[in-house]
Amino acid sequence: MMEHNPIWREGVRLAKLPRLEDSIDVDVCVVGGGITGLTAALLAASDGRRVVLLEADGLGSGTTGATSAHVSAVPDIGYRAVLRQCGPEAGSEYVARCASALELMDSLVRAERISCSWDRVAAYWYSEDAHGVGRLKDEASAADRLGQECRMVREVPLPWPTAGGLAIPRQAIFHPLRYLQGLARIARARGAQIFEASPVLSWDEDDRGVVVRTACAEVRAAELILATHTPLGVNLVQAELAAVHSYILTLALPKPLPAALFWDTDEPYHYVRPLLDGAQPLALVGGADHKTGCETDPQSRYAALSEFARRRLPEATITGWWSAQFYEPADGMPYIGRSPLTEHVYIATGFAGVGLVQGTMAAMDLVAQLRGEGRDTPWRPSRVTLAAAPRVISEGVAVAMHWLGDRLSATDGTSAEALPAGQGRILRLDGQRCAGYRDDDGRLHVLSPACTHLGCLVRWNGSARTWDCPCHGSRYAPTGEVLEGPALSALARRESSQAEPYSGMPSATPAPDAQRLDTVKG
C-alpha cells in the first residue's frame, strides 16, 4: 500500500521557481530548500551578502515538508543528557540557543505576516506509568539547572489516562510548507536568488572559495552551506550519524485535541499533536522509528501506530499516512559549523526529531560564523566526545556488516517474471545482483543495487516505493534517481535480457497488517 503525500501538501501550491541555467558568482551558496537552507539564505541576504540557494527538487520536498510540525525547543536527548555531556554552562547556552531559534521563527511569522497557522502552545512530555514519571522528575531538575522554564503536572490534557508529565510553555505548532513559502518570499525580497530542479553534482574548494556544479551551470561562491539534512558526498561526520525513519498517521476525531504538543517516555517515543486549521478535527500521531533500510515490513510500523492510536482514541479514523527521515547524532548533539578538513564549507546535520527549531538554530549559527562571530561550541562538527565513541563504533560495525553481509545474502530470485507492478526486489539476473523495479505500466527497470555514496547495497521500501541505503541514509526513486543524499548520483542502470517492456502483471496488494490502517475504531 502506497504512502500518502504529507497533509501539508493538500491545498498548498508552491510557486515553481526556475532552475539554474547560467553560471554566477556569489558570496554564499546554500544547498537545500528546507527550513535550514531557506532560513540561512534569508539571514545571509539580510546581512547584504549575495546569496544563491540551490534545491534539487522543490522547496520543502525533503524532511521539512514531511514533518509532524512539532515546533519544540526541547533537546531530543532530554535535559539530563545535555547537562551530563555539556555541563551547566555550555548546556545552558545550548538550551538558550534552541529557545532563541524558536523566538526567531515567532518574530518572522509576526513581523513578516507569514500565514502559516502559527500558534504558541504548551508541550507535555508525559508518561503513562509511575516509572516514567520518576524519569520526568529528573528531567525537570536538570531543566531547572539549565535555565529552562517547566513544571511537573499530575494532569496532562489528553483524552486518555496518564500518570503525569513535564509541561514546557511557549512551544509552537504551524503549517510547515506555508512557513517555507514565507521564508522564500522574504529571502527573495532581500536579494537572495533561489533555484529549484538544480541538484548539485559536485564541488571543489580552493583558496578563493568553492565551485559548485549542477547539470547546467556552476556557482562560484566564497562560502558553501550544505543545508541538506546530511552532508552531501563523503564527509567525516557521516560516521557519527544514524539515518532514522519515522512514521506518521493523520486521524479524524469526533472532537479536537487540546492545542498542545505531546510525546511520551517510550523508546522510541510516540508524539501527538492536533491540527487546528480545518473544519474536521484532526490529529497527527507519529513514531515507530527504526534505522533507515533496516525494516523489511514498513507496513508493520504503520500497524503499530494504528494500534497505539486505537487504544487511546478508539473513535478516531485514519485518513492518511506517510514517513520521513531524520539523522540521529552519536552523542545526541547536532553538528553545526565548518565541515572537517575544509575552509569554506559549512554543514548542519544531526537534528534528530527536533529539526524545525534546530535547523533554524543552525542557520543562525552558520550566518553568525560567516560574520566572524563563531566560537567553540559543544555542537561544532570537529568535536571529539567520549559519549559518542560507543555509538560511532556500533555504527561503523553496522556499516561494515551491511557492506559485506548484503553481498553474501540471498536474493529474491533469478527471474523478474513474478515481480508485480509498482514493486521492487533484489534479484540475480544474468548472473549479477540487481535492483529490479516494475513500474505501473509494466516496464522492468534494472539497476545496480550499489549505493553511489560508498557502495552499500540498497533495499526496497515497499510503502514509500524507494530504494533505501541502510548505511548512510541515501534514498533513491524506484528508477534510480537520488531523492535524498548523501549520494550525489543515481543508481547505475544495467542491461538485462529480462528488461523488455512487460504488461499484464497485477498491481501490488497491501500486506495483511496494512489492512488495519483503514480504521482504528475499536
# chains A, B, ... in the order shown; residues from 1 in each chain; ligands from 1
call {"tool": "select_by_dssp", "arguments": {"residues": "segment 91-321 of chain A", "states": "alpha helix (DSSP H)", "output": "PyMOL selection string"}}
result
chain A and resi 91-111+130-145+176-189+298-312
call {"tool": "residues_around", "arguments": {"residues": "segment 478-485 of chain A", "least_positions_apart": "6", "cutoff": "9 Å", "atoms": "only C-alpha atoms", "output": "list in words"}}
result
Ala56, Asp57, Gly62, Thr228, His229, Thr230, Pro231, Leu232, Gly233, Gly422, Gln423, Gly424, Gly436, Tyr437, Arg438, Asp439, His445, Val446, Leu447, Ser448, His453, Trp460, Arg465, Thr466, Trp467, His472, Leu491, Ala492 and Arg493 of chain A
call {"tool": "closest_residue", "arguments": {"among": "A:Asp277, A:Glu93, A:Asp144, A:Glu128", "to": "Trp8 of chain A", "atoms": "only C-alpha atoms"}}
result
A:Asp277
call {"tool": "closest_residue", "arguments": {"among": "A:Leu356, A:Ala362, A:Leu43, A:Val52", "to": "Val71 of chain A", "atoms": "only C-alpha atoms"}}
result
A:Leu356
call {"tool": "residues_around", "arguments": {"residues": "Ala227 of chain A", "least_positions_apart": "2", "cutoff": "9 Å", "atoms": "only C-alpha atoms", "output": "ChimeraX atom specification"}}
result
/A:30-38,40,225,229-231,346-349,359,362-363
call {"tool": "closest_residue", "arguments": {"among": "A:Leu366, A:Leu20, A:Leu42, A:Leu166", "to": "Ala192 of chain A", "atoms": "only C-alpha atoms"}}
result
A:Leu42
call {"tool": "closest_residue", "arguments": {"among": "A:Asp441, A:Asp207, A:Asp297, A:Glu315", "to": "Leu251 of chain A", "atoms": "only C-alpha atoms"}}
result
A:Glu315
call {"tool": "residues_around", "arguments": {"residues": "Ala222 of chain A", "least_positions_apart": "3", "cutoff": "10 Å", "atoms": "only C-alpha atoms", "output": "list in words"}}
result
Asp25, Val26, Asp27, Val28, Cys29, Arg50, Glu205, Asp206, Asp207, Arg208, Gly209, Val210, Val211, Val219, His344 and Val345 of chain A
call {"tool": "select_by_dssp", "arguments": {"residues": "segment 92-310 of chain A", "states": "strand (DSSP E or B)", "output": "PyMOL selection string"}}
result
chain A and resi 119-127+151-153+164-173+193-195+200-206+209-214+218-226+241-252+260-264+271-275+282-291
call {"tool": "residues_around", "arguments": {"residues": "Gly455 of chain A", "least_positions_apart": "2", "cutoff": "10 Å", "atoms": "only C-alpha atoms", "output": "PyMOL selection string"}}
result
chain A and resi 402-403+449-453+457-458+469+471+487
call {"tool": "atom_distance", "arguments": {"atom1": "atom CA of Arg311 of chain A", "atom2": "atom CA of Leu158 of chain A"}}
result
13.0 Å
call {"tool": "atom_distance", "arguments": {"atom1": "atom CA of Val121 of chain A", "atom2": "atom CA of Gln171 of chain A"}}
result
5.2 Å
call {"tool": "closest_residue", "arguments": {"among": "A:Ile336, A:Cys434, A:Met152, A:Leu276", "to": "Asp138 of chain A", "atoms": "only C-alpha atoms"}}
result
A:Met152
call {"tool": "atom_distance", "arguments": {"atom1": "atom CA of Ile114 of chain A", "atom2": "atom CA of Gly287 of chain A"}}
result
28.9 Å
call {"tool": "closest_atom_pairs", "arguments": {"of": "segment 132-223 of chain A", "to": "segment 86-90 of chain A", "cutoff": "10 Å", "atoms": "only C-alpha atoms", "output": "tab-separated table"}}
result
residue	atom	partner	partner_atom	distance
A:Ala142	CA	A:Pro88	CA	9.0
A:Ala143	CA	A:Pro88	CA	10.0
A:Arg145	CA	A:Pro88	CA	6.7
A:Leu146	CA	A:Pro88	CA	6.0
A:Gly147	CA	A:Pro88	CA	9.1
call {"tool": "residues_around", "arguments": {"residues": "Glu21 of chain A", "least_positions_apart": "5", "cutoff": "10 Å", "atoms": "only C-alpha atoms", "output": "mmCIF file with all heavy atoms, in the first residue's frame"}}
result
data_model
loop_
_atom_site.group_PDB
_atom_site.id
_atom_site.type_symbol
_atom_site.label_atom_id
_atom_site.label_comp_id
_atom_site.auth_asym_id
_atom_site.auth_seq_id
_atom_site.Cartn_x
_atom_site.Cartn_y
_atom_site.Cartn_z
ATOM 1 N N PHE A 195 16.840 28.757 -6.781
ATOM 2 C CA PHE A 195 16.640 27.926 -7.962
ATOM 3 C C PHE A 195 16.213 26.524 -7.536
ATOM 4 O O PHE A 195 16.804 25.931 -6.629
ATOM 5 C CB PHE A 195 17.930 27.837 -8.791
ATOM 6 C CG PHE A 195 18.373 29.154 -9.349
ATOM 7 C CD1 PHE A 195 19.327 29.917 -8.685
ATOM 8 C CD2 PHE A 195 17.821 29.651 -10.521
ATOM 9 C CE1 PHE A 195 19.731 31.142 -9.189
ATOM 10 C CE2 PHE A 195 18.223 30.872 -11.032
ATOM 11 C CZ PHE A 195 19.183 31.624 -10.374
ATOM 12 N N SER A 198 17.633 21.946 -9.412
ATOM 13 C CA SER A 198 19.050 22.227 -9.666
ATOM 14 C C SER A 198 19.925 21.401 -8.721
ATOM 15 O O SER A 198 20.592 21.940 -7.828
ATOM 16 C CB SER A 198 19.339 23.725 -9.487
ATOM 17 O OG SER A 198 18.531 24.504 -10.340
ATOM 18 N N THR A 214 26.253 22.128 -11.110
ATOM 19 C CA THR A 214 24.963 21.500 -11.387
ATOM 20 C C THR A 214 24.994 21.003 -12.830
ATOM 21 O O THR A 214 25.997 21.152 -13.528
ATOM 22 C CB THR A 214 23.809 22.486 -11.182
ATOM 23 O OG1 THR A 214 23.822 23.465 -12.222
ATOM 24 C CG2 THR A 214 23.905 23.183 -9.830
ATOM 25 N N ALA A 215 23.888 20.441 -13.290
ATOM 26 C CA ALA A 215 23.862 19.888 -14.648
ATOM 27 C C ALA A 215 24.045 20.964 -15.710
ATOM 28 O O ALA A 215 24.598 20.693 -16.785
ATOM 29 C CB ALA A 215 22.540 19.145 -14.878
ATOM 30 N N CYS A 216 23.592 22.185 -15.439
ATOM 31 C CA CYS A 216 23.590 23.232 -16.465
ATOM 32 C C CYS A 216 24.595 24.347 -16.230
ATOM 33 O O CYS A 216 24.988 25.025 -17.190
ATOM 34 C CB CYS A 216 22.194 23.851 -16.575
ATOM 35 S SG CYS A 216 20.910 22.693 -17.079
ATOM 36 N N ALA A 217 24.994 24.569 -14.979
ATOM 37 C CA ALA A 217 25.806 25.750 -14.703
ATOM 38 C C ALA A 217 26.601 25.545 -13.418
ATOM 39 O O ALA A 217 26.405 24.567 -12.688
ATOM 40 C CB ALA A 217 24.906 26.980 -14.592
ATOM 41 N N GLU A 218 27.495 26.506 -13.168
ATOM 42 C CA GLU A 218 28.329 26.476 -11.968
ATOM 43 C C GLU A 218 28.051 27.713 -11.116
ATOM 44 O O GLU A 218 27.663 28.769 -11.617
ATOM 45 C CB GLU A 218 29.808 26.462 -12.333
ATOM 46 C CG GLU A 218 30.271 25.221 -13.056
ATOM 47 C CD GLU A 218 31.747 25.243 -13.372
ATOM 48 O OE1 GLU A 218 32.393 26.316 -13.216
ATOM 49 O OE2 GLU A 218 32.268 24.185 -13.785
#
